[in-house]
Structure formats: structure tokens, C-alpha cells
file entry.txt (compact mmCIF, C-alpha atoms)
# COMPACT_ATOMS: atom_id res chain seq x y z
CA GLY A 773 26.43 -11.20 6.95
CA ALA A 774 27.58 -7.65 6.25
CA VAL A 775 28.13 -6.18 9.68
CA VAL A 776 29.33 -2.61 10.06
CA SER A 777 30.91 -1.87 13.40
CA GLN A 778 31.14 1.73 14.58
CA HIS A 779 33.22 2.85 17.54
CA PRO A 780 32.87 4.50 19.96
CA SER A 781 29.14 4.37 20.55
CA TRP A 782 29.29 7.55 22.56
CA VAL A 783 31.96 10.11 23.41
CA ILE A 784 32.17 13.31 25.41
CA CYS A 785 34.96 15.74 24.63
CA LYS A 786 36.00 19.25 25.54
CA SER A 787 35.70 22.16 23.13
CA GLY A 788 38.77 22.53 20.98
CA THR A 789 39.78 18.89 21.05
CA SER A 790 39.51 16.38 18.22
CA VAL A 791 37.55 13.16 18.18
CA LYS A 792 38.01 10.17 15.88
CA ILE A 793 35.15 7.84 14.99
CA GLU A 794 35.86 4.48 13.36
CA CYS A 795 33.68 2.54 10.96
CA ARG A 796 34.67 -1.03 10.12
CA SER A 797 33.17 -3.56 7.76
CA LEU A 798 33.64 -6.83 9.63
CA ASP A 799 32.91 -9.54 7.07
CA PHE A 800 33.15 -7.80 3.73
CA GLN A 801 35.20 -5.24 1.89
CA ALA A 802 33.77 -1.78 1.45
CA THR A 803 35.36 0.38 -1.21
CA THR A 804 32.85 3.09 -0.42
CA MET A 805 31.42 4.15 2.90
CA PHE A 806 29.09 6.99 3.75
CA TRP A 807 29.03 9.29 6.75
CA TYR A 808 25.79 10.80 8.01
CA ARG A 809 24.87 13.25 10.71
CA GLN A 810 21.59 13.14 12.56
CA PHE A 811 20.25 15.88 14.81
CA PRO A 812 17.71 15.01 17.52
CA LYS A 813 14.31 14.11 16.11
CA GLN A 814 15.55 14.76 12.58
CA SER A 815 16.51 12.74 9.57
CA LEU A 816 19.94 11.69 8.40
CA MET A 817 21.96 14.14 6.38
CA LEU A 818 24.72 12.80 4.16
CA MET A 819 28.01 14.47 5.05
CA ALA A 820 30.46 12.76 2.76
CA THR A 821 31.29 9.72 0.70
CA SER A 822 34.46 7.96 1.75
CA ASN A 823 36.41 6.24 -1.01
CA GLU A 824 39.15 3.73 -0.30
CA GLY A 825 42.51 5.01 -1.40
CA SER A 826 41.30 8.41 -2.53
CA LYS A 827 39.90 11.65 -1.18
CA ALA A 828 36.44 11.78 0.28
CA THR A 829 33.66 13.58 -1.53
CA TYR A 830 31.92 16.09 0.70
CA GLU A 831 28.37 17.30 0.40
CA GLN A 832 27.69 20.98 -0.05
CA GLY A 833 28.04 22.92 3.16
CA VAL A 834 30.18 20.34 4.95
CA GLU A 835 33.60 21.66 5.96
CA LYS A 836 36.23 19.19 4.79
CA ASP A 837 38.86 20.64 7.12
CA LYS A 838 36.49 20.28 10.03
CA PHE A 839 35.40 16.72 9.31
CA LEU A 840 38.44 14.76 8.17
CA ILE A 841 37.73 11.44 6.51
CA ASN A 842 40.30 8.74 5.91
CA HIS A 843 39.58 5.45 4.15
CA ALA A 844 42.96 3.79 4.25
CA SER A 845 41.83 0.20 3.84
CA LEU A 846 38.94 -1.76 2.39
CA THR A 847 37.51 -2.37 5.85
CA LEU A 848 38.07 0.89 7.72
CA SER A 849 36.94 4.47 7.35
CA THR A 850 37.49 7.10 10.01
CA LEU A 851 35.83 10.44 10.64
CA THR A 852 37.75 12.94 12.73
CA VAL A 853 35.93 15.95 14.09
CA THR A 854 38.66 18.53 14.51
CA SER A 855 38.59 21.38 17.02
CA ALA A 856 35.17 20.30 18.16
CA HIS A 857 32.61 22.82 19.36
CA PRO A 858 29.25 22.33 21.07
CA GLU A 859 27.42 22.80 17.75
CA ASP A 860 29.20 19.66 16.50
CA SER A 861 27.33 17.63 19.09
CA SER A 862 25.24 15.16 17.14
CA PHE A 863 24.68 11.52 16.26
CA TYR A 864 27.06 10.34 13.53
CA ILE A 865 26.33 7.19 11.53
CA CYS A 866 28.32 5.40 8.86
CA SER A 867 27.10 2.97 6.24
CA ALA A 868 28.41 0.72 3.51
CA ASN A 869 26.86 -1.11 0.62
CA ASN A 870 25.75 -4.55 1.74
CA PRO A 871 27.09 -7.03 -0.83
CA PHE A 872 24.85 -9.79 0.50
CA LEU A 873 21.68 -7.82 -0.27
CA GLY A 874 22.69 -6.53 -3.66
CA THR A 875 23.51 -3.15 -5.13
CA GLY A 876 21.87 -0.24 -3.44
CA SER A 877 21.22 -1.95 -0.11
CA TYR A 878 23.13 -0.49 2.76
CA THR A 879 24.18 -1.64 6.20
CA PHE A 880 24.53 1.01 8.87
CA GLY A 881 26.75 1.21 11.89
CA SER A 882 25.14 1.60 15.29
CA GLY A 883 26.07 5.27 15.43
CA THR A 884 28.21 7.50 17.65
CA ARG A 885 26.69 10.02 20.01
CA LEU A 886 29.13 12.95 20.24
CA THR A 887 28.71 15.52 22.99
CA VAL A 888 31.06 18.50 23.06
CA VAL A 889 31.18 20.37 26.35
CA ALA B 1451 16.64 15.69 -8.22
CA GLN B 1452 14.96 13.33 -5.85
CA SER B 1453 13.10 13.84 -2.61
CA VAL B 1454 10.98 11.97 -0.14
CA THR B 1455 8.01 13.19 1.89
CA GLN B 1456 6.80 11.22 4.85
CA LEU B 1457 3.30 12.43 5.44
CA ASP B 1458 3.08 11.64 9.14
CA SER B 1459 5.66 12.71 11.70
CA HIS B 1460 4.06 10.54 14.38
CA VAL B 1461 1.80 7.50 14.26
CA SER B 1462 0.27 5.91 17.35
CA VAL B 1463 -1.44 2.51 17.19
CA SER B 1464 -2.70 -0.10 19.61
CA GLU B 1465 -0.92 -3.41 19.79
CA GLY B 1466 -2.48 -5.88 17.39
CA THR B 1467 -3.92 -3.24 15.06
CA PRO B 1468 -2.65 -2.36 11.57
CA VAL B 1469 0.11 0.15 10.95
CA LEU B 1470 0.26 2.46 7.92
CA LEU B 1471 3.21 4.76 7.28
CA ARG B 1472 2.83 7.00 4.25
CA CYS B 1473 5.60 8.03 1.89
CA ASN B 1474 5.57 9.99 -1.36
CA TYR B 1475 8.61 10.45 -3.53
CA SER B 1476 9.78 12.46 -6.48
CA SER B 1477 12.57 11.38 -8.75
CA SER B 1478 13.76 12.15 -12.22
CA TYR B 1479 14.66 8.52 -12.74
CA SER B 1480 13.18 5.15 -11.93
CA PRO B 1481 14.32 5.08 -8.35
CA SER B 1482 15.08 2.43 -5.81
CA LEU B 1483 12.99 2.91 -2.69
CA PHE B 1484 13.67 1.67 0.80
CA TRP B 1485 12.20 1.62 4.26
CA TYR B 1486 14.58 1.61 7.21
CA VAL B 1487 13.84 1.34 10.92
CA GLN B 1488 15.86 2.95 13.71
CA HIS B 1489 15.51 2.08 17.36
CA PRO B 1490 16.68 4.69 19.91
CA ASN B 1491 20.40 5.40 19.75
CA LYS B 1492 20.90 2.63 17.22
CA GLY B 1493 21.86 2.43 13.59
CA LEU B 1494 19.38 1.78 10.82
CA GLN B 1495 18.06 -1.60 9.77
CA LEU B 1496 16.74 -2.29 6.28
CA LEU B 1497 13.10 -3.39 6.31
CA LEU B 1498 12.58 -3.74 2.58
CA LYS B 1499 13.64 -2.47 -0.82
CA TYR B 1500 11.87 -1.83 -4.14
CA THR B 1501 13.90 -2.05 -7.33
CA SER B 1502 11.38 -2.14 -10.20
CA ALA B 1503 10.48 -5.78 -9.80
CA ALA B 1504 7.20 -6.68 -8.06
CA THR B 1505 5.27 -3.63 -6.92
CA LEU B 1506 4.33 -5.29 -3.64
CA VAL B 1507 7.47 -5.78 -1.61
CA LYS B 1508 7.60 -7.99 1.46
CA GLY B 1509 10.14 -7.20 4.13
CA ILE B 1510 11.23 -8.41 7.49
CA ASN B 1511 9.13 -8.56 10.67
CA GLY B 1512 5.84 -8.73 8.75
CA PHE B 1513 6.19 -5.37 7.01
CA GLU B 1514 5.37 -4.82 3.38
CA ALA B 1515 5.17 -1.84 1.05
CA GLU B 1516 3.43 -1.18 -2.24
CA PHE B 1517 4.98 0.88 -5.00
CA LYS B 1518 2.40 2.93 -6.89
CA LYS B 1519 3.96 4.84 -9.75
CA SER B 1520 0.77 6.71 -10.64
CA GLU B 1521 0.58 8.07 -7.11
CA THR B 1522 4.37 8.29 -6.59
CA SER B 1523 3.84 6.54 -3.29
CA PHE B 1524 5.56 3.80 -1.35
CA HIS B 1525 3.50 3.28 1.79
CA LEU B 1526 4.60 0.84 4.48
CA THR B 1527 2.10 -1.42 6.23
CA LYS B 1528 1.93 -4.15 8.82
CA PRO B 1529 -1.28 -6.02 9.61
CA SER B 1530 -0.72 -6.30 13.35
CA ALA B 1531 1.55 -4.03 15.37
CA HIS B 1532 3.79 -5.40 18.10
CA MET B 1533 5.30 -3.49 20.99
CA SER B 1534 8.74 -4.04 19.49
CA ASP B 1535 7.68 -2.07 16.39
CA ALA B 1536 7.93 1.18 18.36
CA ALA B 1537 10.75 3.03 16.58
CA GLU B 1538 11.59 5.66 13.98
CA TYR B 1539 10.92 4.74 10.36
CA PHE B 1540 12.57 6.33 7.35
CA CYS B 1541 11.47 6.22 3.75
CA VAL B 1542 14.49 6.54 1.47
CA VAL B 1543 14.93 7.09 -2.25
CA SER B 1544 17.99 6.39 -4.33
CA PRO B 1545 17.97 7.35 -8.01
CA ASN B 1546 21.11 5.47 -8.87
CA ASP B 1547 21.62 2.90 -6.12
CA TYR B 1548 24.35 5.12 -4.77
CA LYS B 1549 23.40 8.13 -2.73
CA LEU B 1550 20.43 7.92 -0.44
CA SER B 1551 17.93 10.68 0.29
CA PHE B 1552 16.06 10.27 3.56
CA GLY B 1553 12.58 11.36 4.50
CA ALA B 1554 12.10 13.25 7.74
CA GLY B 1555 11.05 10.09 9.56
CA THR B 1556 7.90 8.83 11.26
CA THR B 1557 7.87 7.99 14.95
CA VAL B 1558 5.73 4.97 15.74
CA THR B 1559 4.40 4.39 19.22
CA VAL B 1560 2.51 1.24 20.14
CA ARG B 1561 -0.02 1.28 22.96
CA ALA B 1562 -0.54 -1.83 25.04
call {"tool": "encode", "arguments": {"input": "entry.txt", "output": "C-alpha cells"}}
result
Amino acid sequence: GAVVSQHPSWVICKSGTSVKIECRSLDFQATTMFWYRQFPKQSLMLMATSNEGSKATYEQGVEKDKFLINHASLTLSTLTVTSAHPEDSSFYICSANNPFLGTGSYTFGSGTRLTVV
Amino acid sequence: AQSVTQLDSHVSVSEGTPVLLRCNYSSSYSPSLFWYVQHPNKGLQLLLKYTSAATLVKGINGFEAEFKKSETSFHLTKPSAHMSDAAEYFCVVSPNDYKLSFGAGTTVTVRA
């Protein structure tokens, strides 16, 4: 149980365009989801905490107008990279608390490889 | 504040030999500690979790980790490596079962 589906798995876009990444909890409700960014050969950096029905909480240094997060339902959070530039190219991963494994255990999506050209 | 230090950026072992991945942590609270594995271009999979119960934690795929408070360590081991264990491993600390802080990761390669 507790599957998190992330879509698309990879996307290539032109500079200046926007890209939306979806994160869905398939068999459970997730009031909170987390968005991470991972550069090649590096660790995951928390970007923001997505809260259902309220504004996301962004980590220091993350531009909220650049990375728009919407958590409109208990099973879906979206991350939109607006006016993308090559430096936004990265691997983006979402996660949600896994209710089947108890508090503090998280299930991760399979990630989205974004390439901005 | 909490942080995690993975002492080895890369570990190479022969198939069938033991694997040791070292992790030290610092935390102002009694933390929860995790080990996650990531295969190339994939999400992360939870291997095991420590939450102040038994200090020796058994996980999936034959992995286990021992919590040593005196050494502030949470090293991950497996008695016999398999080719499928080649991946990136992350030690993670969470002071409040909410936000996660990731170590830099250890790349494991397994030689045939």
C-alpha cells in the first residue's frame, strides 16, 4: 500500500515556458506532501511542504513565484516551474507520509527529470 | 538543528561480501533515523527506520542498521551483497517525524 505516482517521469521544455509536475497518492489521502530537488550526484534538498487546502510552505532560498505549488485535493499536489530556465533543469521528487508504515515514514514518487533547453 | 554525515561517498564491494555504509548524525532531539535506497532515475525506497525502540533495526532485502547513541551513529550493513544492491543510499534524520534532512548519499557498486 501507499503508492505515490509522479507524472511525467521526464520532460523537456524550452526556456521561458512553464512545466507542471503532478504527484498523486493512489491508495491513501495525503494532507501533506513534500517537494524535493536533486542535482546530479547530490542529495535531496527540500523545496517546500505542500498542505491540502492552504498555501505551501517554502524553504529558505526557494522562490515561491518560480515554483508554484497547488494542493487542491487530498490526493493531488502539483508543482509548476514557471518561466523555466536551463538552471532549473534537475530531478524533482515528491513524497507523502506513508500511513501504512506509521508516522514519519515516507513514500516517494519516482521523480521527474526536467531538462530546459 | 539536525544534520547527517555519510562518511563514504562511494563504496565498492564484491558480490557475496559484506557491505557497510557509515552514517553519523547530530540532532537536538531524540531523532528518527532512516535509510533510503535510490536506483538510477527512480524515487526513494525506505529500507528501514529507527524510532527509539530496539537499537538494532532490521529492514528489507537483508539490510540492518544499529543505532548507537554514544557514537551518534546509524551505520547500515548487509552480510552478503547482491548485484541488485548497486544503488545510491541515503541516511536521513528527522527530529520530529516531519521534515527530513538527507545525507549526501553513498554510491554502492557491486563487482561480480
call {"tool": "atom_distance", "arguments": {"input": "entry.txt", "atom1": "CA of Thr829 (chain A)", "atom2": "CA of Met805 (chain A)"}}
result
10.7 Å
call {"tool": "interface_residues", "arguments": {"input": "entry.txt", "of": "chain B", "to": "chain A", "cutoff": "7 Å", "atoms": "only C-alpha atoms", "output": "PyMOL selection string"}}
result
chain B and resi 1492-1494+1547-1548+1552-1555
call {"tool": "closest_residue", "arguments": {"input": "entry.txt", "among": "B:Glu1538, B:Pro1529, B:Gln1452, B:Val1461", "to": "Val1560 (chain B)", "atoms": "all atoms listed in the file"}}
result
B:Val1461
call {"tool": "atom_distance", "arguments": {"input": "entry.txt", "atom1": "CA of Ser1478 (chain B)", "atom2": "CA of Gln1456 (chain B)"}}
result
18.5 Å
call {"tool": "closest_residue", "arguments": {"input": "entry.txt", "among": "A:Ala868, A:Val834, A:Ala820, A:Ala828", "to": "Leu846 (chain A)", "atoms": "only C-alpha atoms"}}
result
A:Ala868
call {"tool": "atom_distance", "arguments": {"input": "entry.txt", "atom1": "CA of Arg1561 (chain B)", "atom2": "CA of Leu1471 (chain B)"}}
result
16.4 Å
call {"tool": "axis_aligned_box", "arguments": {"input": "entry.txt", "around": "region 854-868 of chain A", "padding_each_side": "5 Å", "output": "AutoDock Vina command-line options"}}
result
--center_x 31.7 --center_y 11.8 --center_z 12.3 --size_x 24.0 --size_y 32.1 --size_z 27.6
call {"tool": "closest_residue", "arguments": {"input": "entry.txt", "among": "B:Ala1537, B:Leu1526, B:Val1543, B:Leu1550", "to": "Leu1470 (chain B)", "atoms": "all atoms listed in the file"}}
result
B:Leu1526
call {"tool": "closest_residue", "arguments": {"input": "entry.txt", "among": "B:Thr1556, B:Ser1530, B:Ser1544, B:Ser1464", "to": "Phe1484 (chain B)", "atoms": "all atoms listed in the file"}}
result
B:Ser1544
call {"tool": "closest_residue", "arguments": {"input": "entry.txt", "among": "B:Pro1481, B:Lys1549, B:Lys1528, B:Asp1535", "to": "Val1469 (chain B)", "atoms": "all atoms listed in the file"}}
result
B:Lys1528
call {"tool": "residues_around", "arguments": {"input": "entry.txt", "residues": "Phe1517 (chain B)", "least_positions_apart": "2", "cutoff": "10 Å", "atoms": "only C-alpha atoms", "output": "list in words"}}
result
Cys1473, Asn1474, Leu1483, Tyr1500, Thr1501, Ser1502, Ala1503, Ala1504, Thr1505, Leu1506, Val1507, Ala1515, Lys1519, Ser1520, Glu1521, Thr1522, Ser1523, Phe1524, His1525 and Leu1526 of chain B
call {"tool": "closest_residue", "arguments": {"input": "entry.txt", "among": "A:Pro812, A:Gly825, A:Ile793, A:Val775", "to": "Ser845 (chain A)", "atoms": "only C-alpha atoms"}}
result
A:Gly825
